[in-house]
Amino acid sequence: MQEVMRELVGAVGDGERAGLVTVVSTFKSAPRQPGASMAVTQAGEAVGSVSGGCIEGAVYELAQEVMDGRAPVLQRYGVSDDDAFAVGLTCGGIIDVFVEAVDRTTFPGLVDVAASIDEAEPVAVATVVAGPGPVGAHLVVWPDRVAGSLGGERLDDAVADDARGMLEQGMTGIRRYGAEGERRLDDLQVFVQSFAPPPRMLVFGAIDFAAALVRVGRFLGYHVTVCDARPVFATPRRFPDADEVVVKWPHDYLAATQVDSRTVICVLTHDPKFDVPLLAEAVRTPAAYIGVMGSRRTHDDRLARLRAEGVSEADLARLASPLGLDIGARTPEETAVSIAAEIIAARWGGSGRRLRDTSGPIHREPLASDAL
């Protein structure tokens, strides 16, 4: 996408118009995922790919038509497996692509989006791709601001709220609304493309609770790593849903891996020889959440050991232990839901109470202290 973006910015900067083809949804087997893009310049050069070659010729022609004045269009390609060669989509899948013309007028925020991508600043672009609205309109969403409009304040607010949630998880896809942003309706389709890697979930302790937490973390969109110093337990076979399984002393791994303000750390070992050096390292990171399993008595002992290591009270206050929300969880799966609920509440400033017992907005803005 960076190569495609550079081509688009170059064309727009020169006062030209370019065609942009973006995969917005796929069904069955498809060669590229939503977000895959191809740019077509006025000189006829194509950069990027939306299907690995299957339908590039067809979308290239469509992009030229849009550059010549045709309205932006949402186009579906794909037929049954038996007849796939008829249109070149040999995988037998279905691809929906959105084709639009990009210039200084149609996408004035393009340069800012490109700058954010280059600077690794999370940014999402929401585009109306179908429905009773200004098809092709763009809303650029950052964690702390927006630019552009999809045609109405209520719609912009609803989409920005959802886009920030998707951006937190590095998710890209279609969201449906009413013309005024009603989530109960689906007549207007908005494609939200997140330019951010998925956040990381670091799970320390290769136990049965970890296996359940890995599944929930993966479902929430995290890139999940399981780490344990014991090779007999830390195996891909025991954690098939993890993105990676690492056999290493936890504190050594944490010191050497990338941790940012969206990373969540879950320590499930409840063994001082692992926990103390690991947590002393964890509180020095900008991690958004540090949860630690164990009883209250275990945690009191853990705090005393960490104080003896020179960890400050401010850093100790960052530890969520016992981790999770009080939902009466018993099984590993229920405990994983409890932990995930606390992580979500910490991200958005939720109270953890039943919604029927609260008042005010259901959807919250991120906490000012959060960099999530």
# chains A, B, ... in the order shown; residues from 1 in each chain; ligands from 1
>>> select_by_dssp(residues="segment 183-364 of chain A", states="alpha helix (DSSP H)", output="short mmCIF file (atom, residue, chain, number, x, y, z; two decimals) with C-alpha atoms, in the first residue's frame")
data_model
loop_
_atom_site.label_atom_id
_atom_site.label_comp_id
_atom_site.auth_asym_id
_atom_site.auth_seq_id
_atom_site.Cartn_x
_atom_site.Cartn_y
_atom_site.Cartn_z
CA ASP A 208 -4.58 -23.97 29.97
CA PHE A 209 -5.83 -20.48 30.80
CA ALA A 210 -3.36 -19.13 28.26
CA ALA A 211 -4.80 -21.32 25.50
CA ALA A 212 -8.26 -19.84 26.08
CA LEU A 213 -6.90 -16.28 26.28
CA VAL A 214 -5.02 -16.76 23.02
CA ARG A 215 -8.26 -17.66 21.25
CA VAL A 216 -10.07 -14.62 22.61
CA GLY A 217 -7.12 -12.33 21.86
CA ARG A 218 -6.96 -13.56 18.29
CA PHE A 219 -10.73 -13.01 17.94
CA PRO A 250 9.95 -14.19 29.91
CA HIS A 251 11.91 -11.15 31.09
CA ASP A 252 14.61 -11.76 28.49
CA TYR A 253 12.03 -12.00 25.72
CA LEU A 254 10.19 -8.89 26.88
CA ALA A 255 13.39 -6.86 27.03
CA ALA A 256 14.21 -7.79 23.44
CA PRO A 272 8.01 -15.54 41.59
CA LYS A 273 11.07 -16.69 39.68
CA PHE A 274 9.27 -15.78 36.45
CA ASP A 275 6.98 -13.00 37.61
CA VAL A 276 9.32 -10.69 39.50
CA PRO A 277 11.96 -10.10 36.80
CA LEU A 278 9.25 -10.06 34.12
CA LEU A 279 7.10 -7.46 35.86
CA ALA A 280 10.11 -5.33 36.75
CA GLU A 281 10.76 -5.20 33.00
CA ALA A 282 7.09 -4.80 32.04
CA ARG A 296 -4.68 -11.57 46.45
CA ARG A 297 -2.22 -13.21 48.82
CA THR A 298 0.04 -14.12 45.91
CA HIS A 299 -0.12 -10.56 44.62
CA ASP A 300 0.74 -9.09 48.03
CA ASP A 301 3.84 -11.29 48.12
CA ARG A 302 4.63 -10.28 44.55
CA LEU A 303 4.38 -6.58 45.40
CA ALA A 304 6.75 -7.00 48.35
CA ARG A 305 9.30 -8.71 46.12
CA LEU A 306 9.01 -6.00 43.47
CA ARG A 307 9.44 -3.25 46.07
CA ALA A 308 12.60 -5.00 47.20
CA GLU A 313 4.64 2.63 43.85
CA ALA A 314 3.55 4.42 40.69
CA ASP A 315 4.78 1.52 38.58
CA LEU A 316 3.20 -1.03 40.91
CA PRO A 332 -10.36 -21.01 31.44
CA GLU A 333 -12.73 -19.79 28.74
CA GLU A 334 -14.79 -17.68 31.14
CA THR A 335 -11.61 -16.31 32.68
CA ALA A 336 -10.36 -15.35 29.22
CA VAL A 337 -13.59 -13.40 28.64
CA SER A 338 -13.12 -11.69 32.02
CA ILE A 339 -9.55 -10.66 31.11
CA ALA A 340 -10.59 -9.47 27.66
CA ALA A 341 -13.41 -7.41 29.18
CA GLU A 342 -10.96 -5.66 31.50
CA ILE A 343 -8.62 -4.91 28.59
CA ILE A 344 -11.48 -3.39 26.60
CA ALA A 345 -12.70 -1.39 29.57
CA ALA A 346 -9.20 -0.05 30.19
CA ARG A 347 -8.90 1.00 26.56
CA TRP A 348 -12.15 2.90 26.34
#
>>> closest_atom_pairs(of="segment 73-170 of chain A", to="segment 176-188 of chain A", cutoff="12 Å", atoms="only C-alpha atoms", output="Markdown table")
| residue | atom | partner | partner_atom | distance |
| --- | --- | --- | --- | --- |
| A:Ala126 | CA | A:Arg176 | CA | 11.6 |
| A:Thr127 | CA | A:Leu188 | CA | 10.7 |
| A:Val128 | CA | A:Leu188 | CA | 7.4 |
| A:Val129 | CA | A:Leu188 | CA | 8.0 |
| A:Ala130 | CA | A:Leu188 | CA | 5.9 |
| A:Gly131 | CA | A:Leu188 | CA | 4.1 |
| A:Pro132 | CA | A:Leu188 | CA | 6.1 |
| A:Gly133 | CA | A:Ala179 | CA | 6.9 |
| A:Pro134 | CA | A:Leu188 | CA | 9.9 |
| A:Val135 | CA | A:Leu188 | CA | 9.3 |
| A:Gly136 | CA | A:Leu188 | CA | 12.0 |
| A:Leu150 | CA | A:Ala179 | CA | 9.8 |
| A:Gly151 | CA | A:Ala179 | CA | 8.9 |
| A:Gly152 | CA | A:Glu180 | CA | 6.9 |
| A:Glu153 | CA | A:Glu180 | CA | 8.0 |
| A:Arg154 | CA | A:Glu180 | CA | 5.5 |
| A:Leu155 | CA | A:Gly181 | CA | 3.9 |
| A:Asp156 | CA | A:Gly181 | CA | 7.4 |
| A:Asp157 | CA | A:Gly181 | CA | 7.7 |
| A:Ala158 | CA | A:Gly181 | CA | 5.5 |
| A:Val159 | CA | A:Gly181 | CA | 7.2 |
| A:Ala160 | CA | A:Gly181 | CA | 10.3 |
| A:Asp161 | CA | A:Gly181 | CA | 10.6 |
| A:Asp162 | CA | A:Arg183 | CA | 10.2 |
>>> write_last_selection(atoms="all heavy atoms", output="compact mmCIF listing (two decimals), in the first residue's frame")
# COMPACT_ATOMS: atom_id res chain seq x y z
N ALA A 126 -12.19 6.23 5.87
CA ALA A 126 -13.54 5.72 5.67
C ALA A 126 -14.08 6.29 4.37
O ALA A 126 -14.01 7.50 4.14
CB ALA A 126 -14.43 6.10 6.84
N THR A 127 -14.62 5.44 3.52
CA THR A 127 -15.10 5.84 2.21
C THR A 127 -16.49 5.29 1.98
O THR A 127 -16.74 4.09 2.19
CB THR A 127 -14.17 5.31 1.09
OG1 THR A 127 -12.82 5.72 1.35
CG2 THR A 127 -14.61 5.82 -0.27
N VAL A 128 -17.43 6.14 1.55
CA VAL A 128 -18.76 5.67 1.17
C VAL A 128 -18.62 4.94 -0.17
O VAL A 128 -18.21 5.53 -1.17
CB VAL A 128 -19.75 6.83 1.03
CG1 VAL A 128 -21.11 6.30 0.56
CG2 VAL A 128 -19.91 7.57 2.35
N VAL A 129 -18.96 3.65 -0.18
CA VAL A 129 -18.80 2.87 -1.41
C VAL A 129 -20.13 2.50 -2.05
O VAL A 129 -20.17 2.09 -3.21
CB VAL A 129 -17.96 1.60 -1.16
CG1 VAL A 129 -16.55 1.97 -0.72
CG2 VAL A 129 -18.61 0.68 -0.14
N ALA A 130 -21.24 2.63 -1.30
CA ALA A 130 -22.55 2.32 -1.88
C ALA A 130 -23.63 2.85 -0.95
O ALA A 130 -23.42 2.97 0.26
CB ALA A 130 -22.73 0.82 -2.08
N GLY A 131 -24.79 3.18 -1.53
CA GLY A 131 -25.92 3.59 -0.72
C GLY A 131 -26.39 4.99 -1.02
O GLY A 131 -25.87 5.66 -1.92
N PRO A 132 -27.35 5.46 -0.24
CA PRO A 132 -27.95 6.79 -0.47
C PRO A 132 -27.10 7.90 0.14
O PRO A 132 -27.51 8.59 1.07
CB PRO A 132 -29.30 6.68 0.25
CG PRO A 132 -29.02 5.74 1.39
CD PRO A 132 -28.03 4.75 0.86
N GLY A 133 -25.94 8.08 -0.39
CA GLY A 133 -25.04 9.11 0.12
C GLY A 133 -24.05 9.50 -0.95
O GLY A 133 -24.09 8.99 -2.07
N PRO A 134 -23.13 10.40 -0.62
CA PRO A 134 -22.13 10.83 -1.60
C PRO A 134 -21.08 9.74 -1.80
O PRO A 134 -20.05 9.71 -1.13
CB PRO A 134 -21.55 12.09 -0.96
CG PRO A 134 -21.73 11.87 0.52
CD PRO A 134 -23.01 11.09 0.67
N VAL A 135 -21.34 8.82 -2.72
CA VAL A 135 -20.41 7.73 -2.98
C VAL A 135 -19.05 8.29 -3.38
O VAL A 135 -18.95 9.16 -4.24
CB VAL A 135 -20.96 6.80 -4.08
CG1 VAL A 135 -19.92 5.73 -4.43
CG2 VAL A 135 -22.26 6.15 -3.63
N GLY A 136 -18.02 7.80 -2.71
CA GLY A 136 -16.67 8.29 -2.95
C GLY A 136 -16.21 9.32 -1.93
O GLY A 136 -15.04 9.70 -1.94
N LEU A 150 -18.40 12.50 5.32
CA LEU A 150 -19.14 11.55 4.50
C LEU A 150 -20.51 12.08 4.13
O LEU A 150 -21.32 11.36 3.54
CB LEU A 150 -19.28 10.21 5.25
CG LEU A 150 -17.96 9.55 5.65
CD1 LEU A 150 -18.24 8.23 6.37
CD2 LEU A 150 -17.06 9.32 4.45
N GLY A 151 -20.77 13.34 4.51
CA GLY A 151 -22.01 13.96 4.09
C GLY A 151 -22.92 14.42 5.20
O GLY A 151 -23.93 15.09 4.94
N GLY A 152 -22.62 14.07 6.45
CA GLY A 152 -23.47 14.50 7.55
C GLY A 152 -22.76 14.31 8.88
O GLY A 152 -21.98 13.38 9.06
N GLU A 153 -23.07 15.20 9.84
CA GLU A 153 -22.36 15.16 11.12
C GLU A 153 -22.64 13.87 11.89
O GLU A 153 -21.73 13.28 12.47
CB GLU A 153 -22.78 16.37 11.96
CG GLU A 153 -22.03 16.46 13.30
CD GLU A 153 -22.41 17.71 14.07
OE1 GLU A 153 -23.12 18.57 13.51
OE2 GLU A 153 -21.99 17.82 15.25
N ARG A 154 -23.89 13.42 11.91
CA ARG A 154 -24.22 12.21 12.65
C ARG A 154 -23.54 10.99 12.04
O ARG A 154 -23.04 10.12 12.76
CB ARG A 154 -25.73 12.01 12.70
CG ARG A 154 -26.46 13.04 13.56
CD ARG A 154 -27.94 12.73 13.63
NE ARG A 154 -28.65 13.68 14.48
CZ ARG A 154 -29.97 13.65 14.68
NH1 ARG A 154 -30.71 12.71 14.10
NH2 ARG A 154 -30.53 14.55 15.48
N LEU A 155 -23.56 10.92 10.72
CA LEU A 155 -22.89 9.81 10.06
C LEU A 155 -21.39 9.87 10.34
O LEU A 155 -20.76 8.84 10.64
CB LEU A 155 -23.15 9.86 8.55
CG LEU A 155 -22.45 8.79 7.72
CD1 LEU A 155 -22.87 7.40 8.14
CD2 LEU A 155 -22.74 9.01 6.23
N ASP A 156 -20.81 11.06 10.25
CA ASP A 156 -19.37 11.21 10.52
C ASP A 156 -19.03 10.74 11.93
O ASP A 156 -18.04 10.04 12.15
CB ASP A 156 -18.95 12.67 10.34
CG ASP A 156 -18.94 13.11 8.89
OD1 ASP A 156 -19.03 12.25 8.00
OD2 ASP A 156 -18.87 14.33 8.66
N ASP A 157 -19.86 11.12 12.90
CA ASP A 157 -19.59 10.75 14.29
C ASP A 157 -19.66 9.23 14.48
O ASP A 157 -18.81 8.64 15.15
CB ASP A 157 -20.59 11.43 15.23
CG ASP A 157 -20.35 12.93 15.36
OD1 ASP A 157 -19.25 13.39 14.97
OD2 ASP A 157 -21.26 13.63 15.84
N ALA A 158 -20.67 8.60 13.89
CA ALA A 158 -20.82 7.15 14.04
C ALA A 158 -19.66 6.41 13.38
O ALA A 158 -19.10 5.47 13.95
CB ALA A 158 -22.15 6.70 13.44
N VAL A 159 -19.31 6.84 12.18
CA VAL A 159 -18.23 6.17 11.45
C VAL A 159 -16.89 6.40 12.14
O VAL A 159 -16.07 5.48 12.26
CB VAL A 159 -18.18 6.65 9.99
CG1 VAL A 159 -16.95 6.08 9.28
CG2 VAL A 159 -19.46 6.22 9.26
N ALA A 160 -16.65 7.62 12.61
CA ALA A 160 -15.39 7.90 13.30
C ALA A 160 -15.24 7.04 14.54
O ALA A 160 -14.16 6.53 14.85
CB ALA A 160 -15.30 9.38 13.66
N ASP A 161 -16.34 6.86 15.27
CA ASP A 161 -16.32 6.03 16.47
C ASP A 161 -15.95 4.59 16.13
O ASP A 161 -15.08 3.98 16.75
CB ASP A 161 -17.69 6.09 17.15
CG ASP A 161 -17.69 5.38 18.49
OD1 ASP A 161 -16.89 5.76 19.36
OD2 ASP A 161 -18.49 4.45 18.67
N ASP A 162 -16.60 4.05 15.10
CA ASP A 162 -16.30 2.67 14.69
C ASP A 162 -14.90 2.55 14.10
O ASP A 162 -14.20 1.57 14.33
CB ASP A 162 -17.33 2.20 13.67
CG ASP A 162 -18.70 1.98 14.29
OD1 ASP A 162 -18.78 1.94 15.54
OD2 ASP A 162 -19.68 1.85 13.53
>>> select_by_dssp(residues="segment 289-344 of chain A", states="strand (DSSP E)", output="list in words")
Tyr289, Ile290, Gly291, Val292, Leu319 and Ala320 of chain A
>>> write_last_selection(atoms="N, CA, C and O atoms", output="PDB file, in the first residue's frame")
ATOM      1  N   TYR A 289      -1.661  -2.203  29.052  1.00  0.00           N
ATOM      2  CA  TYR A 289      -2.279  -3.016  30.096  1.00  0.00           C
ATOM      3  C   TYR A 289      -1.277  -4.069  30.540  1.00  0.00           C
ATOM      4  O   TYR A 289      -0.623  -4.717  29.703  1.00  0.00           O
ATOM      5  N   ILE A 290      -1.150  -4.240  31.846  1.00  0.00           N
ATOM      6  CA  ILE A 290      -0.311  -5.292  32.413  1.00  0.00           C
ATOM      7  C   ILE A 290      -1.154  -6.032  33.438  1.00  0.00           C
ATOM      8  O   ILE A 290      -1.408  -5.524  34.539  1.00  0.00           O
ATOM      9  N   GLY A 291      -1.642  -7.203  33.062  1.00  0.00           N
ATOM     10  CA  GLY A 291      -2.478  -7.995  33.947  1.00  0.00           C
ATOM     11  C   GLY A 291      -1.705  -9.180  34.484  1.00  0.00           C
ATOM     12  O   GLY A 291      -0.913  -9.797  33.757  1.00  0.00           O
ATOM     13  N   VAL A 292      -1.921  -9.503  35.756  1.00  0.00           N
ATOM     14  CA  VAL A 292      -1.144 -10.554  36.408  1.00  0.00           C
ATOM     15  C   VAL A 292      -2.085 -11.507  37.135  1.00  0.00           C
ATOM     16  O   VAL A 292      -2.877 -11.090  37.981  1.00  0.00           O
ATOM     17  N   LEU A 319      -0.169  -2.416  37.664  1.00  0.00           N
ATOM     18  CA  LEU A 319      -0.454  -3.840  37.582  1.00  0.00           C
ATOM     19  C   LEU A 319      -1.916  -4.124  37.895  1.00  0.00           C
ATOM     20  O   LEU A 319      -2.437  -3.697  38.924  1.00  0.00           O
ATOM     21  N   ALA A 320      -2.581  -4.832  37.002  1.00  0.00           N
ATOM     22  CA  ALA A 320      -3.952  -5.270  37.230  1.00  0.00           C
ATOM     23  C   ALA A 320      -3.901  -6.690  37.779  1.00  0.00           C
ATOM     24  O   ALA A 320      -3.658  -7.641  37.045  1.00  0.00           O
TER      25      ALA A 320
END
>>> residues_around(residues="Lys248 of chain A", least_positions_apart="4", cutoff="9 Å", atoms="only C-alpha atoms", output="short mmCIF file (atom, residue, chain, number, x, y, z; two decimals) with all heavy atoms, in the first residue's frame")
data_model
loop_
_atom_site.label_atom_id
_atom_site.label_comp_id
_atom_site.auth_asym_id
_atom_site.auth_seq_id
_atom_site.Cartn_x
_atom_site.Cartn_y
_atom_site.Cartn_z
N CYS A 227 4.75 -16.95 25.45
CA CYS A 227 6.14 -17.12 25.84
C CYS A 227 6.23 -17.87 27.16
O CYS A 227 5.50 -17.55 28.11
CB CYS A 227 6.84 -15.76 25.96
SG CYS A 227 8.56 -15.86 26.52
N ASP A 228 7.13 -18.85 27.21
CA ASP A 228 7.37 -19.61 28.43
C ASP A 228 8.77 -20.19 28.34
O ASP A 228 9.24 -20.53 27.24
CB ASP A 228 6.33 -20.73 28.58
CG ASP A 228 6.26 -21.28 30.01
OD1 ASP A 228 7.29 -21.81 30.49
OD2 ASP A 228 5.19 -21.19 30.62
N ALA A 229 9.43 -20.30 29.47
CA ALA A 229 10.80 -20.83 29.48
C ALA A 229 10.84 -22.34 29.39
O ALA A 229 11.92 -22.92 29.21
CB ALA A 229 11.53 -20.37 30.74
N ARG A 230 9.70 -23.01 29.49
CA ARG A 230 9.65 -24.47 29.53
C ARG A 230 9.26 -25.03 28.17
O ARG A 230 8.10 -24.95 27.76
CB ARG A 230 8.66 -24.91 30.60
CG ARG A 230 8.98 -24.36 31.99
CD ARG A 230 7.81 -24.51 32.95
NE ARG A 230 6.65 -23.73 32.52
CZ ARG A 230 5.49 -23.72 33.17
NH1 ARG A 230 5.34 -24.45 34.27
NH2 ARG A 230 4.49 -22.98 32.72
N PRO A 231 10.20 -25.61 27.44
CA PRO A 231 9.92 -26.07 26.07
C PRO A 231 8.88 -27.18 26.00
O PRO A 231 8.22 -27.33 24.96
CB PRO A 231 11.28 -26.55 25.57
CG PRO A 231 12.08 -26.82 26.80
CD PRO A 231 11.60 -25.83 27.81
N ASP A 252 13.66 -11.94 29.59
CA ASP A 252 14.61 -11.76 28.49
C ASP A 252 13.89 -11.48 27.18
O ASP A 252 14.30 -10.62 26.38
CB ASP A 252 15.48 -13.01 28.33
CG ASP A 252 16.49 -13.17 29.46
OD1 ASP A 252 16.82 -12.16 30.12
OD2 ASP A 252 16.94 -14.31 29.70
N TYR A 253 12.79 -12.22 26.94
CA TYR A 253 12.03 -12.00 25.72
C TYR A 253 11.43 -10.59 25.70
O TYR A 253 11.49 -9.89 24.70
CB TYR A 253 10.92 -13.04 25.58
CG TYR A 253 10.02 -12.76 24.40
CD1 TYR A 253 10.45 -13.01 23.10
CD2 TYR A 253 8.76 -12.20 24.58
CE1 TYR A 253 9.64 -12.72 22.01
CE2 TYR A 253 7.95 -11.91 23.50
CZ TYR A 253 8.39 -12.17 22.21
OH TYR A 253 7.59 -11.87 21.14
#
>>> atom_distance(atom1="atom CA of Gly57 of chain A", atom2="atom CA of Arg76 of chain A")
14.2 Å
>>> residues_around(residues="His223 of chain A", least_positions_apart="3", cutoff="9 Å", atoms="only C-alpha atoms", output="list of chain:residue names")
A:Pro197, A:Pro198, A:Pro199, A:Arg200, A:Met201, A:Leu202, A:Gly217, A:Arg218, A:Ala242, A:Asp243, A:Glu244
>>> closest_residue(among="A:Ile327, A:Leu268, A:Met67, A:Val97", to="Val50 of chain A", atoms="only C-alpha atoms")
A:Val97
>>> closest_residue(among="A:Trp142, A:Phe107, A:Phe27, A:Tyr222", to="Val123 of chain A", atoms="only C-alpha atoms")
A:Trp142
>>> atom_distance(atom1="atom CA of Val113 of chain A", atom2="atom CA of Gly44 of chain A")
24.0 Å
